[in-house]
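Novice: To be precise about what I am sending: the file is called data.txt and holds compact mmCIF, C-alpha atoms.
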```txt
# COMPACT_ATOMS: atom_id res chain seq x y z
CA MET V 1 0.00 0.00 0.00
CA ARG V 2 1.55 3.31 -1.06
CA MET V 3 0.72 6.92 -0.42
CA PRO V 4 -1.00 8.31 -3.54
CA ASP V 5 -0.33 11.74 -4.96
CA ALA V 6 -2.59 13.58 -2.56
CA SER V 7 -1.98 16.28 0.01
CA CYS V 8 -3.66 16.65 3.37
CA ARG V 9 -5.92 19.22 1.77
CA ASP V 10 -7.52 16.39 -0.19
CA ALA V 11 -8.61 14.62 2.99
CA PRO V 12 -12.28 14.96 3.97
CA VAL V 13 -13.54 17.47 6.50
CA PHE V 14 -14.99 15.66 9.50
CA GLU V 15 -18.13 16.65 11.34
CA GLY V 16 -17.24 19.33 13.87
CA ALA V 17 -13.86 19.97 12.30
CA GLY V 18 -11.91 23.10 11.56
CA ALA V 19 -13.16 26.57 12.47
CA SER V 20 -15.66 25.28 15.05
CA ARG V 21 -12.80 24.47 17.43
CA ARG V 22 -11.47 27.18 19.71
CA PRO V 23 -7.71 27.63 20.03
CA LEU V 24 -6.53 26.41 23.45
CA LEU V 25 -2.82 27.21 23.53
CA SER V 26 -0.81 30.15 22.29
CA GLY V 27 2.72 31.49 22.44
CA ALA V 28 5.50 29.51 24.04
CA LEU V 29 3.20 26.88 25.59
CA LYS V 30 1.72 26.08 22.20
CA ASP V 31 5.18 25.83 20.65
CA ARG V 32 6.43 23.52 23.41
CA ALA V 33 3.39 21.27 23.19
CA ALA V 34 3.57 21.02 19.41
CA HIS V 35 7.29 20.32 19.51
CA LEU V 36 6.91 17.50 22.03
CA ALA V 37 4.00 16.01 20.07
CA GLY V 38 6.13 15.86 16.96
CA THR V 39 9.12 14.49 18.84
CA LEU V 40 7.13 11.70 20.46
CA ALA V 41 5.43 10.76 17.20
CA THR V 42 8.66 10.56 15.21
CA THR V 43 11.21 9.20 17.66
CA VAL V 44 9.29 6.63 19.69
CA CYS V 45 9.41 3.55 17.49
CA PRO V 46 7.93 0.16 18.37
CA THR V 47 9.84 -3.07 18.43
CA PRO V 48 9.59 -4.65 14.95
CA ILE V 49 6.14 -6.16 14.80
CA ALA V 50 7.53 -9.49 13.67
CA GLU V 51 9.13 -9.83 17.12
CA HIS V 52 6.10 -9.11 19.30
CA GLY V 53 3.08 -9.39 17.00
CA ASP V 54 1.20 -6.47 18.60
CA ALA V 55 -1.03 -5.02 15.92
CA SER V 56 -3.63 -3.67 18.34
CA LEU V 57 -5.25 -0.27 18.55
CA VAL V 58 -4.46 0.12 22.23
CA SER V 59 -0.71 -0.51 22.21
CA GLY V 60 0.39 -1.78 18.81
CA ALA V 61 0.81 -0.92 15.17
CA ALA V 62 -2.81 0.10 14.51
CA GLY V 63 -2.70 2.75 17.22
CA LEU V 64 0.66 4.03 16.03
CA ALA V 65 -0.77 4.32 12.51
CA VAL V 66 -3.61 6.44 13.85
CA CYS V 67 -1.14 8.70 15.67
CA SER V 68 1.02 9.26 12.58
CA ALA V 69 -2.03 9.81 10.37
CA GLN V 70 -3.48 12.47 12.67
CA LEU V 71 -0.18 14.36 12.69
CA ALA V 72 0.06 13.99 8.92
CA ARG V 73 -3.38 15.59 8.71
CA THR V 74 -2.66 18.48 11.06
CA ARG V 75 0.81 19.22 9.68
CA CYS V 76 0.49 18.24 6.01
CA ASP V 77 3.46 15.97 6.70
CA ARG V 78 4.18 13.51 3.90
CA GLN V 79 6.70 11.55 5.98
CA ALA V 80 4.17 11.06 8.79
CA ALA V 81 1.64 9.87 6.21
CA ASP V 82 4.10 7.30 4.85
CA THR V 83 4.82 6.13 8.40
CA ALA V 84 1.09 5.78 9.09
CA LEU V 85 0.58 3.65 5.99
CA ALA V 86 3.58 1.45 6.81
CA ARG V 87 2.37 0.82 10.35
CA LEU V 88 -1.14 0.17 9.09
CA GLU V 89 0.12 -2.47 6.68
CA ASP V 90 2.03 -4.08 9.56
CA ALA V 91 -1.24 -4.34 11.47
CA ILE V 92 -3.13 -5.68 8.47
CA ASP V 93 -0.49 -8.35 7.96
CA VAL V 94 -1.05 -9.58 11.51
CA LEU V 95 -4.81 -9.42 11.00
CA GLY V 96 -4.48 -11.75 8.04
CA THR V 97 -2.14 -14.26 9.65
CA GLN V 98 -2.92 -14.52 13.39
CA PRO V 99 -6.08 -15.42 15.31
CA LEU V 100 -7.44 -12.33 17.08
CA THR V 101 -10.39 -11.63 19.34
CA SER V 102 -13.19 -9.22 18.46
CA SER V 103 -11.99 -6.74 21.13
CA PHE V 104 -12.04 -3.14 19.91
CA TYR V 105 -8.89 -2.19 21.76
CA ALA V 106 -6.91 -5.43 21.45
CA GLY V 107 -8.43 -7.39 18.56
CA PHE V 108 -9.38 -7.29 14.90
CA THR V 109 -12.19 -4.75 15.31
CA GLY V 110 -9.77 -2.04 16.40
CA ILE V 111 -7.42 -2.75 13.51
CA ALA V 112 -10.33 -2.45 11.09
CA TRP V 113 -11.37 0.83 12.73
CA ALA V 114 -7.83 2.15 12.25
CA VAL V 115 -7.90 1.16 8.57
CA ASP V 116 -11.02 3.28 8.07
CA LEU V 117 -9.79 6.26 10.07
CA VAL V 118 -6.30 6.39 8.59
CA GLY V 119 -7.72 6.22 5.07
CA ARG V 120 -10.04 9.15 5.75
CA LEU V 121 -7.39 11.24 7.51
CA LEU V 122 -4.95 10.82 4.64
CA GLY V 123 -7.47 10.98 1.81
CA THR V 124 -6.42 7.50 0.68
CA ALA V 125 -9.67 5.66 1.33
CA GLY V 126 -10.57 3.82 -1.83
CA GLU V 127 -12.14 0.39 -2.08
CA ASP V 128 -13.74 -0.60 1.21
CA ARG V 129 -11.46 -3.07 3.00
CA ASN V 130 -13.77 -3.78 5.95
CA GLY V 131 -16.88 -5.30 4.41
CA ASP V 132 -15.90 -8.79 5.56
CA ILE V 133 -15.34 -7.47 9.10
CA ASP V 134 -18.84 -5.97 9.14
CA GLU V 135 -20.33 -9.26 8.04
CA ALA V 136 -18.34 -11.23 10.61
CA LEU V 137 -19.42 -8.91 13.43
CA THR V 138 -23.06 -9.08 12.40
CA LYS V 139 -22.91 -12.88 12.58
CA LEU V 140 -21.06 -12.75 15.90
CA LEU V 141 -23.65 -10.44 17.44
CA ARG V 142 -26.45 -12.89 16.64
CA LYS V 143 -24.83 -15.41 18.98
CA TYR V 144 -22.77 -13.17 21.24
CA PRO V 145 -21.89 -15.11 24.42
CA GLU V 146 -24.12 -14.22 27.35
CA GLN V 147 -21.17 -13.89 29.74
CA ALA V 148 -18.98 -11.89 27.35
CA PRO V 149 -18.15 -8.31 28.43
CA TYR V 150 -20.29 -5.36 27.39
CA ASP V 151 -17.58 -2.73 27.86
CA LEU V 152 -15.73 -0.44 25.46
CA ILE V 153 -12.29 -2.01 25.68
CA GLN V 154 -13.21 -5.69 25.33
CA GLY V 155 -16.91 -6.01 24.62
CA LEU V 156 -20.15 -4.84 23.05
CA THR V 157 -19.62 -1.09 23.42
CA GLY V 158 -16.37 -1.37 21.51
CA LEU V 159 -18.11 -3.21 18.69
CA GLY V 160 -20.66 -0.40 18.69
CA ALA V 161 -17.95 2.24 18.46
CA TYR V 162 -16.52 0.46 15.43
CA ALA V 163 -19.96 0.27 13.80
CA LEU V 164 -20.58 3.99 14.38
CA ALA V 165 -17.41 4.78 12.47
CA ARG V 166 -18.67 2.63 9.58
CA TRP V 167 -21.88 4.66 9.15
CA PRO V 168 -23.43 5.06 6.61
CA ARG V 169 -21.87 2.04 4.87
CA PRO V 170 -24.25 -0.88 4.21
CA GLY V 171 -23.06 -3.12 7.04
CA ALA V 172 -23.06 -0.43 9.73
CA ALA V 173 -26.78 -0.44 10.48
CA GLN V 174 -26.92 -4.21 10.98
CA CYS V 175 -23.94 -4.11 13.34
CA LEU V 176 -25.44 -1.24 15.30
CA LEU V 177 -28.80 -2.96 15.58
CA GLY V 178 -27.09 -6.15 16.70
CA VAL V 179 -25.28 -4.29 19.50
CA VAL V 180 -28.50 -2.53 20.56
CA GLU V 181 -30.35 -5.85 20.70
CA GLN V 182 -27.66 -7.29 22.95
CA PHE V 183 -27.86 -4.30 25.28
CA ALA V 184 -31.64 -4.62 25.42
CA GLN V 185 -31.39 -8.31 26.34
CA ARG V 186 -28.75 -7.71 29.04
CA ALA V 187 -30.31 -4.61 30.61
CA ARG V 188 -31.40 -4.79 34.22
CA HIS V 189 -34.02 -2.48 35.66
CA ASP V 190 -34.68 -1.11 39.14
CA ARG V 191 -36.32 1.97 40.63
CA ASP V 192 -33.32 4.13 39.65
CA GLY V 193 -33.33 3.19 35.96
CA VAL V 194 -31.34 0.85 33.71
CA PHE V 195 -27.92 -0.70 34.28
CA TRP V 196 -25.69 -3.51 33.05
CA TRP V 197 -24.10 -6.02 35.38
CA SER V 198 -20.42 -6.93 35.53
CA PRO V 199 -20.02 -10.46 36.97
CA PRO V 200 -17.02 -11.29 39.16
CA SER V 201 -15.46 -13.26 36.30
CA TRP V 202 -14.64 -9.89 34.66
CA GLN V 203 -12.86 -8.49 37.72
CA GLY V 204 -9.52 -10.27 37.34
CA GLN V 205 -7.43 -10.61 40.48
CA ARG V 206 -9.91 -8.64 42.59
CA ARG V 207 -12.96 -10.75 41.77
CA GLU V 208 -13.45 -11.86 45.40
CA VAL V 209 -13.92 -8.25 46.47
CA TYR V 210 -16.88 -7.85 44.12
CA LEU V 211 -18.82 -11.05 44.66
CA PRO V 212 -21.46 -11.50 43.37
CA GLY V 213 -20.54 -8.69 40.91
CA ARG V 214 -20.89 -4.97 40.46
CA VAL V 215 -22.18 -2.18 38.28
CA ASP V 216 -19.27 -0.38 36.66
CA LEU V 217 -19.74 3.37 36.12
CA GLY V 218 -16.55 4.11 34.20
CA VAL V 219 -15.98 4.83 30.52
CA ALA V 220 -13.41 2.09 29.92
CA HIS V 221 -15.41 -0.79 31.37
CA GLY V 222 -18.85 0.51 32.33
CA ILE V 223 -22.11 2.19 31.53
CA ALA V 224 -20.62 5.66 31.03
CA ALA V 225 -19.51 4.55 27.56
CA VAL V 226 -22.83 2.88 26.74
CA ILE V 227 -24.59 6.24 27.14
CA PRO V 228 -22.91 8.17 24.27
CA PHE V 229 -23.12 5.08 22.06
CA LEU V 230 -26.89 4.83 22.54
CA ALA V 231 -27.31 8.58 22.10
CA ARG V 232 -25.55 8.53 18.73
CA VAL V 233 -27.57 5.53 17.56
CA HIS V 234 -30.72 7.45 18.52
CA ARG V 235 -29.49 10.48 16.59
CA LEU V 236 -29.01 8.28 13.53
CA GLY V 237 -32.66 7.24 13.80
CA LEU V 238 -32.10 3.53 14.46
CA ALA V 239 -34.36 1.47 16.77
CA ARG V 240 -35.47 4.55 18.68
CA GLN V 241 -38.28 2.77 20.52
CA THR V 242 -35.69 0.42 22.00
CA VAL V 243 -32.78 2.83 22.32
CA ARG V 244 -34.41 5.80 24.04
CA PRO V 245 -35.76 3.94 27.11
CA LEU V 246 -32.36 2.28 27.59
CA LEU V 247 -30.58 5.62 27.23
CA ASP V 248 -32.88 7.55 29.56
CA GLY V 249 -32.76 4.77 32.12
CA ALA V 250 -28.97 4.51 32.03
CA VAL V 251 -28.50 8.25 32.57
CA ARG V 252 -31.00 8.22 35.46
CA TRP V 253 -29.20 5.27 37.06
CA LEU V 254 -25.78 6.88 36.76
CA LEU V 255 -26.92 10.23 38.16
CA ALA V 256 -28.80 8.49 41.00
CA HIS V 257 -25.56 6.86 42.18
CA LEU V 258 -23.31 9.89 42.46
CA VAL V 259 -21.46 10.16 45.76
CA ASP V 260 -21.87 13.32 47.83
CA THR V 261 -18.63 15.03 48.88
CA ALA V 262 -17.72 18.35 50.44
CA SER V 263 -17.09 19.78 46.97
CA GLY V 264 -20.24 18.33 45.41
CA PRO V 265 -21.42 15.08 43.76
CA THR V 266 -18.85 12.84 42.11
CA VAL V 267 -18.94 9.57 40.14
CA PRO V 268 -17.70 6.42 41.89
CA SER V 269 -15.95 3.75 39.87
CA PHE V 270 -18.55 1.10 40.71
CA VAL V 271 -21.56 0.18 42.83
CA ALA V 272 -21.49 -3.21 44.58
CA ASP V 273 -23.35 -4.78 47.48
CA GLY V 274 -21.41 -4.50 50.70
CA VAL V 275 -18.76 -2.16 49.30
CA PRO V 276 -19.37 1.53 50.07
CA PRO V 277 -19.01 3.68 46.93
CA ARG V 278 -16.26 6.27 47.19
CA PRO V 279 -14.69 9.02 45.11
CA VAL V 280 -11.97 8.00 42.65
CA ARG V 281 -9.14 9.71 40.81
CA SER V 282 -9.74 12.05 37.89
CA ALA V 283 -9.23 10.23 34.61
CA TRP V 284 -10.75 9.00 31.38
CA CYS V 285 -11.09 5.35 32.40
CA TYR V 286 -12.80 6.15 35.71
CA GLY V 287 -13.78 9.39 37.36
CA ASP V 288 -15.57 12.64 36.67
CA PRO V 289 -13.73 14.00 33.60
CA GLY V 290 -14.30 10.92 31.43
CA VAL V 291 -17.91 10.50 32.55
CA ALA V 292 -18.58 14.22 32.08
CA ALA V 293 -17.30 14.16 28.50
CA ALA V 294 -19.36 11.07 27.64
CA LEU V 295 -22.53 12.41 29.25
CA LEU V 296 -22.16 15.84 27.64
CA LEU V 297 -21.71 14.23 24.25
CA ALA V 298 -24.91 12.24 24.75
CA ALA V 299 -26.77 15.35 25.90
CA ARG V 300 -25.82 17.19 22.72
CA ASP V 301 -26.81 14.28 20.48
CA VAL V 302 -30.35 13.97 21.88
CA GLY V 303 -30.93 17.55 23.02
CA GLU V 304 -31.12 17.10 26.82
CA PRO V 305 -30.08 20.30 28.61
CA THR V 306 -30.44 18.78 32.08
CA TRP V 307 -27.88 16.10 31.19
CA ALA V 308 -25.59 18.77 29.79
CA ALA V 309 -25.87 20.77 33.02
CA ALA V 310 -25.05 17.71 35.12
CA ALA V 311 -22.07 16.85 32.90
CA THR V 312 -20.74 20.41 32.96
CA GLY V 313 -21.05 20.48 36.75
CA LEU V 314 -19.03 17.28 37.03
CA ALA V 315 -16.35 18.72 34.75
CA LEU V 316 -16.13 22.05 36.56
CA ARG V 317 -15.81 20.37 39.96
CA ALA V 318 -13.10 18.10 38.59
CA ALA V 319 -11.29 21.11 37.13
CA ALA V 320 -11.36 22.84 40.53
CA ARG V 321 -10.01 19.78 42.37
CA PRO V 322 -6.50 20.26 43.79
CA PRO V 323 -3.98 18.59 41.46
CA ASP V 324 -2.67 16.33 44.23
CA HIS V 325 -6.19 14.91 44.61
CA ALA V 326 -6.44 13.91 40.94
CA GLY V 327 -4.37 10.73 41.34
CA VAL V 328 -2.17 11.48 38.32
CA GLU V 329 1.13 9.61 38.27
CA ASP V 330 2.07 9.60 34.57
CA ALA V 331 1.31 11.39 31.32
CA GLY V 332 -0.76 8.76 29.48
CA LEU V 333 -4.23 9.16 27.99
CA CYS V 334 -5.99 6.55 30.10
CA HIS V 335 -5.39 7.96 33.57
CA GLY V 336 -2.60 10.49 33.19
CA SER V 337 -2.02 14.20 32.69
CA ALA V 338 -2.32 14.16 28.89
CA GLY V 339 -5.67 12.41 29.22
CA LEU V 340 -6.93 15.12 31.58
CA ALA V 341 -5.61 17.86 29.29
CA HIS V 342 -7.48 16.33 26.37
CA LEU V 343 -10.71 15.73 28.29
CA PHE V 344 -10.86 19.26 29.67
CA ASN V 345 -10.02 20.61 26.21
CA ARG V 346 -12.74 18.46 24.62
CA ILE V 347 -15.35 19.60 27.17
CA TYR V 348 -14.19 23.21 26.82
CA GLN V 349 -14.79 22.94 23.08
CA MET V 350 -18.38 21.86 23.79
CA THR V 351 -19.16 24.36 26.57
CA ALA V 352 -16.83 27.38 26.17
CA GLU V 353 -16.34 27.38 29.96
CA PRO V 354 -13.13 29.35 30.67
CA ALA V 355 -12.36 27.29 33.79
CA LEU V 356 -12.14 24.16 31.65
CA ALA V 357 -9.71 25.82 29.26
CA ASP V 358 -7.60 26.83 32.25
CA ALA V 359 -7.65 23.23 33.52
CA ALA V 360 -6.67 21.90 30.11
CA ARG V 361 -3.73 24.29 29.93
CA PHE V 362 -2.64 23.33 33.45
CA TRP V 363 -2.57 19.64 32.54
CA VAL V 364 -0.71 20.38 29.31
CA GLU V 365 1.96 22.07 31.41
CA ARG V 366 2.03 19.15 33.83
CA THR V 367 2.43 16.78 30.87
CA LEU V 368 5.39 18.76 29.60
CA GLU V 369 6.95 18.61 33.06
CA LEU V 370 6.47 14.86 33.35
CA CYS V 371 7.85 14.24 29.88
CA SER V 372 10.88 16.47 30.37
CA ALA V 373 12.19 13.88 32.83
CA ALA V 374 11.42 11.04 30.43
CA ALA V 375 12.69 12.28 27.10
CA PRO V 376 12.89 9.70 24.28
CA GLY V 377 16.12 7.76 24.53
CA ARG V 378 16.47 8.20 28.29
CA ASP V 379 18.10 5.23 30.02
CA ALA V 380 15.13 3.71 31.84
CA THR V 381 17.42 1.24 33.65
CA ARG V 382 19.10 3.95 35.73
CA THR V 383 18.09 3.73 39.38
CA ASP V 384 18.22 7.52 39.77
CA ALA V 385 16.00 8.16 36.77
CA ALA V 386 12.51 9.63 37.17
CA PRO V 387 9.56 7.24 36.81
CA PRO V 388 8.55 6.79 33.16
CA ALA V 389 5.99 9.30 31.94
CA TRP V 390 4.36 6.74 29.65
CA LYS V 391 4.05 3.01 29.18
CA GLY V 392 5.60 1.94 25.88
CA PRO V 393 4.98 3.50 22.48
CA GLY V 394 1.25 2.80 22.29
CA LEU V 395 -1.87 4.87 22.15
CA LEU V 396 -3.85 4.41 25.38
CA GLU V 397 -1.06 4.50 27.98
CA GLY V 398 1.98 5.23 25.81
CA ALA V 399 3.83 7.96 24.00
CA ALA V 400 1.54 7.99 20.96
CA GLY V 401 -1.45 8.96 23.10
CA VAL V 402 0.52 11.74 24.77
CA ALA V 403 1.50 13.05 21.33
CA LEU V 404 -2.11 13.06 20.15
CA ALA V 405 -3.37 14.96 23.21
CA LEU V 406 -0.66 17.60 22.85
CA GLU V 407 -1.33 17.93 19.13
CA ALA V 408 -5.05 18.41 19.81
CA ALA V 409 -4.20 21.15 22.31
CA SER V 410 -1.94 23.02 19.90
CA THR V 411 -4.09 22.95 16.76
CA THR V 412 -7.71 23.63 15.77
CA VAL V 413 -7.94 20.54 13.55
CA GLU V 414 -10.58 18.15 14.88
CA PRO V 415 -8.95 15.26 16.82
CA VAL V 416 -11.13 12.56 15.29
CA TRP V 417 -8.97 9.82 16.80
CA ASP V 418 -10.70 10.28 20.17
CA GLN V 419 -13.82 8.62 18.83
CA MET V 420 -12.16 5.46 20.17
CA LEU V 421 -12.57 6.95 23.67
CA LEU V 422 -16.26 7.75 23.06
CA VAL V 423 -15.73 11.38 24.02
CA SER V 424 -16.57 12.28 20.43
CA THR V 425 -18.65 10.43 17.86
CA GLY V 426 -18.55 12.70 14.81
CA ILE V 427 -19.31 10.67 11.72
CA PRO V 428 -18.60 11.73 8.13
CA GLY V 429 -21.90 11.80 6.29
CA ALA V 430 -24.10 11.54 9.40
CA GLN V 431 -27.18 13.70 9.54
CA ALA V 432 -28.10 15.66 12.65
```
What's the structure tokens form of this structure?
Specialist:
Amino acid sequence: MRMPDASCRDAPVFEGAGASRRPLLSGALKDRAAHLAGTLATTVCPTPIAEHGDASLVSGAAGLAVCSAQLARTRCDRQAADTALARLEDAIDVLGTQPLTSSFYAGFTGIAWAVDLVGRLLGTAGEDRNGDIDEALTKLLRKYPEQAPYDLIQGLTGLGAYALARWPRPGAAQCLLGVVEQFAQRARHDRDGVFWWSPPSWQGQRREVYLPGRVDLGVAHGIAAVIPFLARVHRLGLARQTVRPLLDGAVRWLLAHLVDTASGPTVPSFVADGVPPRPVRSAWCYGDPGVAAALLLAARDVGEPTWAAAATGLALRAAARPPDHAGVEDAGLCHGSAGLAHLFNRIYQMTAEPALADAARFWVERTLELCSAAAPGRDATRTDAAPPAWKGPGLLEGAAGVALALEAASTTVEPVWDQMLLVSTGIPGAQA
């Protein structure tokens, strides 16, 4: 696969792109952020894929392709575009030769999503390469295992995120309807609304703590990601009689289980019998910033001002939280400083709240500080070295994700890559 004779100006304009975004950074801070984004994207190279076989979106070649393609788009950088295509072909080679799960973040669905996104970012999308994936997922959803996860990273929500990105292609609607049907079958109802249960078999080493299970409220593994997925499906006009009651019920359930604190209500990571809910760190995976972004996105898609007010309140309280209460230890997207910078920037773009812009800039500065002690090429084996600011080269916890967050902060080009986090769901060709 080779880069055709096309510039970044030939790439499509995505929904919400361009002039609708407000500049976040300026002056020296913008220059520093942009410089580090470029440095991370060009100098952090993965181990040859033949040696480790990681083609995944979360930490492997597919995610690195997305990173390079986004920078190629924002910078009109031909070399970054070539790198994106090379990494994408690495991932596709693994897809064709190794057995992979359907996981969005770790399996074949995420690689297919990257193929679509990279092609659109670079203006190289030609013949559809994912039709067989759509068909395979539609068949899988008809017999999706009852005990399989429903979350974004491993389960149904991730399959839904992939299908949203495929809209309006022919197979997208069937995949979306298949995911909705599974959510309808698995939904549980009580006086507070609708929720989905996480059995102890999904809890890994801590399963005994959560017997007989729990309700997860995070974006990575819980109902906070289901909410923006259902809202976008409703906006697209699919299965509204099924989708809207699930969506309304899920939002009611989430808001009914906020934990009161001295600084106002906050979102716990989970609700489980016999385990008192408690506040958690500020992050995308769990905590107020990620939930606020997901809820605000849903509110905008279905026109619910009360949801938007609740989401904005969560975000503003998180922005006002003392930094040492945020639980940030590294710079990664998932639960680090770059993730907070991007979330506050994303919510600022939707609300125009100055306090959220200030918070985003603060976490950009903190990211630069963390990364200054972990420059590419630093000897990580030294005992006197600072803790690493990222985990590997990958997208969710690694250097590529940090680069993407900094690039989004220093440019007004829409960061469409964050659709994988379900804090945006803009779809080319979708109708409002």
Novice: Please return, as a PyMOL selection string, all polymer residues that have at least one atom within 9 Å of the point (-27.4, -6.8, 22.2); use all atoms listed in the file and the file's own coordinate frame.
Specialist: chain V and resi 141-142+144+150+156+177-186
Novice: Kindly indicate which residue among V:Gly237, V:Gly287, V:Pro323, V:Gly119 lies nearest to V:Val259, using all atoms listed in the file for the distances.
Specialist: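 Checking each candidate against V:Val259, we get V:Gly287 as the closest.
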Novice: Quick one: everything within 6 Å of stretch 276-283 of chain V, counting all atoms listed in the file, minus sequence neighbours fewer than 6 positions away in the same chain. Send it as an mmCIF file with C-alpha atoms, keeping the file's coordinate frame.
Specialist:
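Wrote part-v1.cif, looks like this:
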```
data_model
loop_
_atom_site.group_PDB
_atom_site.id
_atom_site.type_symbol
_atom_site.label_atom_id
_atom_site.label_comp_id
_atom_site.auth_asym_id
_atom_site.auth_seq_id
_atom_site.Cartn_x
_atom_site.Cartn_y
_atom_site.Cartn_z
ATOM 1 C CA PRO V 268 -17.700 6.420 41.890
ATOM 2 C CA PRO V 289 -13.730 14.000 33.600
ATOM 3 C CA ALA V 326 -6.440 13.910 40.940
ATOM 4 C CA GLY V 327 -4.370 10.730 41.340
ATOM 5 C CA HIS V 335 -5.390 7.960 33.570
#
```
Novice: Between V:Ala231, V:Ala360, V:Ala272, V:Ala299, which is the closest to V:Leu246 once you count all atoms listed in the file?
Specialist: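 Of V:Ala231, V:Ala360, V:Ala272, V:Ala299, the one nearest V:Leu246 is V:Ala231, counting all atoms listed in the file.
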Novice: Given all atoms listed in the file as the basis, pick out the residue of V:Gly290, V:Pro265, V:Pro322, V:Pro168 nearest to V:His221.
Specialist: V:Gly290
Novice: How many Å separate atom CA of V:Ala33 from atom CA of V:Leu406?
Specialist: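 According to the coordinates, atom CA of V:Ala33 and atom CA of V:Leu406 are separated by 5.5 Å.
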Novice: Measuring atom to atom with all atoms listed in the file, identify which of V:Ser68, V:Thr312, V:Ser201, V:Thr101 is nearest to V:Leu117.
Specialist: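 Among V:Ser68, V:Thr312, V:Ser201, V:Thr101, it is V:Ser68 that comes nearest to V:Leu117.
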Novice: Of the candidates V:Ser269, V:Ser198, V:Gln79, V:Ser103, which shows the shortest atom-to-atom distance to V:Gln147, using only C-alpha atoms?
Specialist: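 Result for the nearest residue to V:Gln147: V:Ser198.
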Novice: Grab the atom CA of V:Ala61 to atom CA of V:Gly96 distance for me, in Å with one decimal place.
Specialist: 14.0 Å
Novice: When distances are computed from all atoms listed in the file, which of V:Ala224, V:Ala86, V:Ala148, V:Leu24 shows the smallest separation from V:Arg346?
Specialist: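 Under the stated criterion, the closest residue is V:Leu24.
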Novice: One decimal, in Å: what's the spacing between atom CA of V:Ala318 and atom CA of V:Val251?
Specialist: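 Between atom CA of V:Ala318 and atom CA of V:Val251 the gap works out to 19.2 Å.
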Novice: Listing only residues of stretch 336-371 of chain V within 12 Å of stretch 387-392 of chain V, what is the closest atom pair and its distance in Å (to one decimal) for each, using all atoms listed in the file, sorted by chain and residue number ascending, as a Markdown table?
Specialist:
```
| residue | atom | partner | partner_atom | distance |
| --- | --- | --- | --- | --- |
| V:Gly336 | CA | V:Trp390 | CA | 8.7 |
| V:Ser337 | CA | V:Ala389 | CA | 9.4 |
| V:Ala338 | CA | V:Trp390 | CA | 10.0 |
| V:Gly339 | CA | V:Trp390 | CA | 11.5 |
| V:Arg366 | CA | V:Ala389 | CA | 10.8 |
| V:Thr367 | CA | V:Ala389 | CA | 8.4 |
| V:Leu368 | CA | V:Ala389 | CA | 9.8 |
| V:Glu369 | CA | V:Ala389 | CA | 9.4 |
| V:Leu370 | CA | V:Ala389 | CA | 5.8 |
| V:Cys371 | CA | V:Ala389 | CA | 5.7 |
```
